[in-house]
Amino acid sequence: MASVPVEESDGRGSMWDLDQKLDQPMDEEAGRIRNMHCEKKFSSLLLLRLAFQSLGVVFGDLGTSPLYVFYNTFPRGVSNGEDIIGALSLIIYSIILIPLLKYVFVVLRANDNGQGGTFALYSLLCRHAKIRTIPNQHRTDEQLTTYSCQTYDENSFAAKLKHWLEAHTYKKNAVLILVLIGTCMAIGDGILTPAISVLSASGGLKVNHPNISNGVVILVAVVILVGLFSLQHYGTDRVSWLFAPIVLLWFLLIGSIGAFNLCKYDSSVLKAFNPVHIVRYFKGGHKNLTSLGGIMLSITGADVLFADLCHFPVLAVQIAFTFVVFPCLLLAYTGQAAYIIQHQDHVFDAFYRSIPDGIYWPMFIIATAAASIASQATISATFSIIKQAAALDCFPRIKVVHTSKKFLGQIYIPDINWILMILCIAVTAGFKNQIQIGNAYGTAVVIVMLVTTLLMIPIMFLVWRSHWMLVLFFTALSLLVELTYFSAVLFKVNEGGWVPLVIAAAFLFIMFVWHYGTVKRYEFEKHSRVSIAWILGLGPSLGLVRVPGIGFVYTDLASGVPHIFSHLITNLPAIHSVVVFVCVKYLPVYTVPVDERFLVKRIGTKSFHVFRCVARYGYKDLLRKDDDFEKMLFDSISIFVRLEAMMEGYSDSDECAFSAQQNAKSIDLLEADYMDTLGSIMEVKNTSSQDSMPVQSSHQGSSVTRSSAPTSQITSEELDFLNRCKEAGMVHILSNTMVRARRDSNLVKKIAVDYVYAFLRRICRDNSVMFNLPHESLLNVGQIFYV
């Protein structure tokens with residue numbers, strides 16, 4: 001390698017200037033139109049079909065709440081009928097305010113290109129404000145078609161809020177911790193929903209057979225749960241065609257039974273639509289206040305409704321809820337209330353006792369199926385949440401299986417599945433009744449709702465640019481309901497409410513430790529990176545030689561040379577004939593189109609044969625087994641070389657960056673455009689010759705004329721050189737960085753870093769497994785750093 005002179009000047013020296021010239025950040029892509037997400041327009045018939053299909057995916061959890069709401073609201077029995085009216089009034093207006101107004105008509109609009117959930121809100125915020133704790137964003141990322149962000153007037157409140165969030169690290173960490181709390185509570189929801197739904201459904205056995213012991217009911221529930229989790233690896237796509245008809249039948253039946261009971265027993269319960277009865281209910285004292293934890297179970301599933309929003313337009317979900325779910329739920333609760341007023345001693349199993357005898361067993365079977373479907377939706381949402389957390393560096397990388405070729409979001413995570421099953425069975429068998437499970441369930445759901453409300457505040461300002469009065473109205477109305485329920489579940493912490501808190505604390509600790517270690521590793525790589533100019537200047541003194549083959553050096557950095565590379569060549573002064581620095585990073589977008597995934601640039605001159613390739617993924621993207629990542633890397637370099645040669649006809653610049661989305665068709669189009677341009681220039685040249693005018697005065701013409709002949713030959717030689725290097729062998733150089741706490745660190749930090757993070761690093765999937773790299777071509781470079 002040629003020696004690079006090092007001279008000091010202007011404080012920084014020519015080494016710094018040379019490095020800026022050799023290894024600049026990724027250049028802006030050629031103007032790409034930003035594709036702001038908007039709802040596709042569907043025909044009325046298709047919209048109705050999608051609304052029907054959404055019933056089986058997003059409404060199962062909300063629809064099975066009538067199984068256990070009144071049982072958990074009055075665990076010690078009913079003292080008077082007025083309490084039933086007050087509780088029913090609270091249920092009615094809770095459903096109107098939270099699932100209907102807040103979620104269906106407001107929060108669903110805050111989806112990230114059709115994706116819902118806590119991390120979807122976080123990804124929206126990360127695109128509109130630089131609040132990610134790992135600062136690996138680059139301006140070229142904003143040119144993706146799935147990346148949507150806005151600019152603000154400097155004097156606007158949105159701009160001031162954006163600057164306020166970006167000003168300090170602790171604010172970014174506070175937003176992240178808030179998101180992690182909501183995520184961990186949602187995972188707890190995924191454990192508790194199957195437990196309470198299946199146990200409540202199987203409890204119908206005791207109504208017609210009072211002699212059956214509670215142990216038999218629990219055993220039946222456990223068997224159903226084992227079967228449910230054992231079938232997860234098949235995915236929901238293969239059986240989802242059954243979901244919508246069963247859930248629709250469930251809603252129609254509970255609505256019809258509710259209307260029947262309303263007419264048969266006591267239609268006076270309709271006065272519960274008067275909100276005055278809510279005030280009277282609160283005057284009942286501490287007993288009625290603590291019963292709010294049971295009433296709140298009537299709105300559980302609203303959070304899952306948002307998290308499961310993947311493949312249905314918002315309008316279809318709104319139609320399904322407004323015209324099917326909402327009226328059927330009101331009829332079901334009103335009918336149960338009418339039955340309980342006439343049979344106050346049946347409040348513990350009011351749902352099954354209110355069913356007419358002729359349809360009892362069919363209703364029991366449908367209730368069990370509906371409970372399983374509700375559990376399936378929650379489990380699938382938990383898988384999706386874990387996948388998003390891992391993509392945003394908040395959870396260790398684990399095996400993710402794509403269960404459907406048609407739907408991007410249908411995944412299966414084996415390790416998480418069995419952990420959920422064990423915890424779910426432990427909760428079911430440990431508590432043995434719905435009351436304590438209901439207390440735990442309510443605690444998890446209300447915290448998720450509070451987190452969603454708090455995240456919606458900056459979303460409404462930054463993304464929607466809503467007026468502050470609308471934001472204040474939405475926040476006040478949501479917090480009024482949710483804080484009231486939150487105060488009620490606090491009284492139930494010692495009666496089962498501690499379960500989701502313990503589960504969430506465990507997952508939060510894992511997520512925070514993993515994210516902390518990941519941030520420290522990135523900061524270490526960023527601060528210890530070296531310049532390509534330094535390596536080139538060091539070449540003669542080390543006796544650095546180029547060996548045949550291609551070396552892919554994996555790094556978290558999108559610029560600069562990683563420390564592992566300098567560590568390698570100082571101990572082994574030899575590098576491959578072609579060196580490619582590969583950076584794989586996940587962006588706060590739901591997906592990166594395949595044709596925009598790889599961003600390639602050249603480092604230094606062509607004789608160096610050094611490239612940088614950034615592979616970009618969204619939090620929904622999956623690396624499948626049949627994806628040949630090694631081949632995709634090589635193809636992206638080859639395409640870049642061809643494109644670079646063609647683009648030289650349009651620019652004098654020696655350095656260009658291109659996205660590897662330019663496929664063979666793009667190359668053909670560019671070649672045609674290149675030849676057309678060359679032909680037009682030759683015409684101008686001929687005309688100018690006749691008029692005795694020098695063609696060299698045309699800058700573009702000079703560039704193309706100069707590069708047209710040798711370009712194809714040089715490009716062909718470089719492509720042949722790349723192919724020869726490929727045949728010589730491709731080596732993947734991975735970093736095996738070990739993080740250790742300093743000796744003077746406190747005990748908590750030593751435990752978290754030296755034991756917890758080290759353990760998570762050992763059990764998480766390595767890059768070689770994630771990208772299906774051949775084991776025989778791997779080279780791990782180890783290093784240790786202290787935090």
# chains A, B, ... in the order shown; residues from 1 in each chain; ligands from 1
>>> select_by_dssp(residues="region 415-588 of chain A", states="strand (DSSP E or B)", output="PyMOL selection string")
chain A and resi 530+545-555+561+574-586
>>> write_last_selection(atoms="C-alpha atoms", output="PDB file, in the first residue's frame")
ATOM      1  CA  VAL A 530      -9.649   4.963  13.681  1.00  0.00           C
ATOM      2  CA  VAL A 545       0.005  -7.027   2.562  1.00  0.00           C
ATOM      3  CA  ARG A 546      -3.154  -7.747   0.599  1.00  0.00           C
ATOM      4  CA  VAL A 547      -4.190 -11.394   0.434  1.00  0.00           C
ATOM      5  CA  PRO A 548      -6.662 -12.805  -2.118  1.00  0.00           C
ATOM      6  CA  GLY A 549     -10.316 -12.807  -1.123  1.00  0.00           C
ATOM      7  CA  ILE A 550     -13.026 -10.523   0.241  1.00  0.00           C
ATOM      8  CA  GLY A 551     -13.148  -9.527   3.901  1.00  0.00           C
ATOM      9  CA  PHE A 552     -16.494  -8.401   5.354  1.00  0.00           C
ATOM     10  CA  VAL A 553     -15.846  -6.482   8.582  1.00  0.00           C
ATOM     11  CA  TYR A 554     -19.014  -6.141  10.696  1.00  0.00           C
ATOM     12  CA  THR A 555     -19.435  -3.013  12.771  1.00  0.00           C
ATOM     13  CA  VAL A 561     -12.973   2.133  10.765  1.00  0.00           C
ATOM     14  CA  ALA A 574      -2.573  -8.598   6.293  1.00  0.00           C
ATOM     15  CA  ILE A 575      -5.920  -7.599   4.833  1.00  0.00           C
ATOM     16  CA  HIS A 576      -7.950  -9.004   1.984  1.00  0.00           C
ATOM     17  CA  SER A 577      -7.755  -7.708  -1.549  1.00  0.00           C
ATOM     18  CA  VAL A 578     -11.291  -6.332  -1.110  1.00  0.00           C
ATOM     19  CA  VAL A 579     -12.447  -5.000   2.252  1.00  0.00           C
ATOM     20  CA  VAL A 580     -16.097  -4.210   2.959  1.00  0.00           C
ATOM     21  CA  PHE A 581     -17.158  -2.575   6.223  1.00  0.00           C
ATOM     22  CA  VAL A 582     -20.681  -3.877   6.883  1.00  0.00           C
ATOM     23  CA  CYS A 583     -23.018  -2.000   9.209  1.00  0.00           C
ATOM     24  CA  VAL A 584     -26.372  -3.630   9.969  1.00  0.00           C
ATOM     25  CA  LYS A 585     -28.739  -1.273  11.693  1.00  0.00           C
ATOM     26  CA  TYR A 586     -32.431  -1.175  12.507  1.00  0.00           C
TER      27      TYR A 586
END
>>> select_by_dssp(residues="region 150-284 of chain A", states="helix (DSSP H, G or I)", output="VMD selection string")
chain A and resid 157 to 167 169 to 202 205 to 208 214 to 230 232 to 234 240 to 264 267 to 273 276 to 282
>>> closest_residue(among="A:Ile319, A:Val324, A:Val58, A:Leu180", to="Ala390 (chain A)", atoms="only C-alpha atoms")
A:Leu180
>>> residues_around(residues="Ile224 (chain A)", least_positions_apart="3", cutoff="12 Å", atoms="only C-alpha atoms", output="list in words")
Pro194, Ala195, Ser197, Val198, Leu199, Ala201, Ser202, Val217, Ile218, Leu219, Val220, Ala221, Gly227, Leu228, Phe229, Ser230, Leu231, Thr368, Ala369, Ala371, Ser372, Ile373, Ser375, Gln376, Met421, Cys424, Ile425 and Thr428 of chain A
>>> residues_around(residues="Leu773 (chain A)", least_positions_apart="4", cutoff="12 Å", atoms="only C-alpha atoms", output="VMD selection string")
chain A and resid 552 623 625 to 633 730 to 734 766 to 769 777 to 779
>>> write_last_selection(atoms="C-alpha atoms", output="compact mmCIF listing (two decimals), in the first residue's frame")
# COMPACT_ATOMS: atom_id res chain seq x y z
CA PHE A 552 -16.49 -8.40 5.35
CA LEU A 623 -34.02 -12.38 8.17
CA LYS A 625 -33.33 -18.88 6.44
CA ASP A 626 -33.53 -18.79 2.66
CA ASP A 627 -32.03 -15.29 2.54
CA ASP A 628 -28.40 -15.51 1.39
CA PHE A 629 -27.02 -12.45 3.18
CA GLU A 630 -23.51 -13.11 1.89
CA LYS A 631 -24.73 -13.16 -1.70
CA MET A 632 -26.80 -10.02 -1.18
CA LEU A 633 -23.72 -8.18 0.11
CA MET A 730 -15.03 -14.58 1.49
CA VAL A 731 -14.32 -14.12 5.20
CA HIS A 732 -16.70 -12.54 7.73
CA ILE A 733 -14.85 -10.74 10.53
CA LEU A 734 -17.08 -10.39 13.61
CA ASP A 766 -24.90 -14.16 17.19
CA ASN A 767 -24.69 -12.23 13.93
CA SER A 768 -23.44 -15.34 12.19
CA VAL A 769 -26.68 -17.11 13.07
CA SER A 777 -15.65 -18.48 6.86
CA LEU A 778 -16.07 -16.79 10.24
CA LEU A 779 -13.33 -14.93 12.08
>>> closest_residue(among="A:His286, A:His567, A:His515, A:His467", to="Arg529 (chain A)", atoms="only C-alpha atoms")
A:His567
>>> closest_residue(among="A:Ile254, A:Val753, A:Ile355, A:Ile532", to="His563 (chain A)", atoms="only C-alpha atoms")
A:Ile532
>>> closest_residue(among="A:Cys149, A:Leu305, A:Ile92, A:Ile398", to="Ile763 (chain A)", atoms="only C-alpha atoms")
A:Ile398
>>> residues_around(residues="Thr151 (chain A)", least_positions_apart="3", cutoff="12 Å", atoms="only C-alpha atoms", output="list in words")
Arg127, His128, Ala129, Glu142, Ser148, Glu154, Asn155, Ser156, Ala158, Ala159, Lys162, Leu462, Val463 and Arg465 of chain A
>>> write_last_selection(atoms="all heavy atoms", output="compact mmCIF listing (two decimals), in the first residue's frame")
# COMPACT_ATOMS: atom_id res chain seq x y z
N ARG A 127 -38.71 9.33 14.75
CA ARG A 127 -38.56 9.91 13.43
C ARG A 127 -38.81 11.42 13.43
O ARG A 127 -38.26 12.13 12.60
CB ARG A 127 -39.51 9.23 12.44
CG ARG A 127 -39.20 7.77 12.20
CD ARG A 127 -39.70 7.32 10.83
NE ARG A 127 -41.12 7.45 10.68
CZ ARG A 127 -42.00 6.50 10.96
NH1 ARG A 127 -41.58 5.35 11.47
NH2 ARG A 127 -43.28 6.67 10.75
N HIS A 128 -39.64 11.88 14.33
CA HIS A 128 -39.96 13.31 14.36
C HIS A 128 -39.12 14.08 15.37
O HIS A 128 -39.15 15.31 15.39
CB HIS A 128 -41.44 13.50 14.67
CG HIS A 128 -42.35 13.09 13.55
ND1 HIS A 128 -42.67 11.77 13.30
CD2 HIS A 128 -42.95 13.81 12.58
CE1 HIS A 128 -43.46 11.71 12.24
NE2 HIS A 128 -43.66 12.93 11.79
N ALA A 129 -38.40 13.37 16.22
CA ALA A 129 -37.47 14.01 17.16
C ALA A 129 -36.32 13.04 17.41
O ALA A 129 -36.53 11.83 17.50
CB ALA A 129 -38.18 14.35 18.48
N GLU A 142 -33.63 9.26 6.16
CA GLU A 142 -34.86 10.00 5.99
C GLU A 142 -35.37 9.96 4.55
O GLU A 142 -36.49 10.39 4.29
CB GLU A 142 -34.67 11.44 6.44
CG GLU A 142 -34.29 11.58 7.90
CD GLU A 142 -34.04 13.02 8.30
OE1 GLU A 142 -34.33 13.92 7.47
OE2 GLU A 142 -33.56 13.26 9.42
N SER A 148 -41.21 8.74 7.31
CA SER A 148 -42.01 9.96 7.20
C SER A 148 -41.76 10.84 8.41
O SER A 148 -41.90 10.41 9.54
CB SER A 148 -43.50 9.62 7.10
OG SER A 148 -43.92 8.88 8.22
N GLU A 154 -39.68 27.29 13.40
CA GLU A 154 -38.88 27.43 14.61
C GLU A 154 -39.65 28.06 15.76
O GLU A 154 -39.34 27.83 16.92
CB GLU A 154 -37.62 28.27 14.31
CG GLU A 154 -36.57 27.53 13.50
CD GLU A 154 -36.02 26.32 14.24
OE1 GLU A 154 -35.90 26.38 15.48
OE2 GLU A 154 -35.74 25.32 13.58
N ASN A 155 -40.65 28.87 15.45
CA ASN A 155 -41.41 29.55 16.50
C ASN A 155 -42.64 28.77 16.94
O ASN A 155 -43.36 29.20 17.84
CB ASN A 155 -41.85 30.94 16.01
CG ASN A 155 -40.66 31.85 15.74
OD1 ASN A 155 -39.66 31.81 16.46
ND2 ASN A 155 -40.76 32.66 14.69
N SER A 156 -42.88 27.61 16.32
CA SER A 156 -44.06 26.83 16.67
C SER A 156 -43.84 26.06 17.97
O SER A 156 -42.70 25.79 18.37
CB SER A 156 -44.41 25.85 15.54
OG SER A 156 -43.37 24.90 15.38
N ALA A 158 -44.58 22.95 18.41
CA ALA A 158 -44.04 21.63 18.07
C ALA A 158 -42.52 21.67 18.00
O ALA A 158 -41.84 20.76 18.49
CB ALA A 158 -44.63 21.15 16.75
N ALA A 159 -41.96 22.73 17.40
CA ALA A 159 -40.50 22.85 17.31
C ALA A 159 -39.88 23.01 18.69
O ALA A 159 -38.83 22.43 18.99
CB ALA A 159 -40.13 24.04 16.42
N LYS A 162 -39.95 19.67 20.37
CA LYS A 162 -38.92 18.82 19.77
C LYS A 162 -37.55 19.15 20.35
O LYS A 162 -36.80 18.25 20.77
CB LYS A 162 -38.93 19.01 18.25
CG LYS A 162 -37.88 18.22 17.50
CD LYS A 162 -38.03 18.45 16.00
CE LYS A 162 -37.00 17.67 15.20
NZ LYS A 162 -35.63 18.17 15.40
N LEU A 462 -46.34 16.65 17.64
CA LEU A 462 -45.28 16.57 16.63
C LEU A 462 -45.73 15.95 15.32
O LEU A 462 -45.29 16.37 14.25
CB LEU A 462 -44.10 15.76 17.19
CG LEU A 462 -43.40 16.35 18.42
CD1 LEU A 462 -42.29 15.42 18.89
CD2 LEU A 462 -42.83 17.72 18.12
N VAL A 463 -46.57 14.93 15.39
CA VAL A 463 -46.97 14.22 14.18
C VAL A 463 -48.24 14.81 13.58
O VAL A 463 -48.31 15.07 12.37
CB VAL A 463 -47.17 12.71 14.47
CG1 VAL A 463 -47.53 11.96 13.20
CG2 VAL A 463 -45.90 12.12 15.08
N ARG A 465 -49.73 17.72 14.70
CA ARG A 465 -49.76 19.18 14.86
C ARG A 465 -51.13 19.65 15.34
O ARG A 465 -51.70 20.63 14.82
CB ARG A 465 -49.39 19.87 13.55
CG ARG A 465 -47.99 19.54 13.05
CD ARG A 465 -47.61 20.42 11.89
NE ARG A 465 -46.27 20.12 11.42
CZ ARG A 465 -45.65 20.81 10.47
NH1 ARG A 465 -46.24 21.83 9.91
NH2 ARG A 465 -44.42 20.49 10.10
>>> closest_atom_pairs(of="region 503-615 of chain A", to="region 436-456 of chain A", cutoff="12 Å", atoms="only C-alpha atoms", output="CSV")
residue,atom,partner,partner_atom,distance
A:Ile503,CA,A:Ala444,CA,9.8
A:Ala504,CA,A:Ala444,CA,8.7
A:Ala505,CA,A:Ala444,CA,11.8
>>> residues_around(residues="region 377-388 of chain A", least_positions_apart="2", cutoff="8 Å", atoms="only C-alpha atoms", output="PyMOL selection string")
chain A and resi 57-58+60-61+117+119+183+186-187+189-191+193-194+304+307-308+373-375+390-392+395+400+409-413+416+619-620
>>> closest_residue(among="A:Cys184, A:Leu289, A:Leu252, A:Leu329", to="Ser65 (chain A)", atoms="only C-alpha atoms")
A:Leu329
>>> closest_residue(among="A:Leu719, A:Val499, A:Leu643, A:Leu192", to="Thr300 (chain A)", atoms="only C-alpha atoms")
A:Leu192
>>> atom_distance(atom1="CA of Leu62 (chain A)", atom2="CA of Leu479 (chain A)")
20.4 Å
>>> atom_distance(atom1="CA of Cys263 (chain A)", atom2="CA of Tyr281 (chain A)")
24.5 Å
>>> atom_distance(atom1="CA of Leu125 (chain A)", atom2="CA of Val787 (chain A)")
29.0 Å
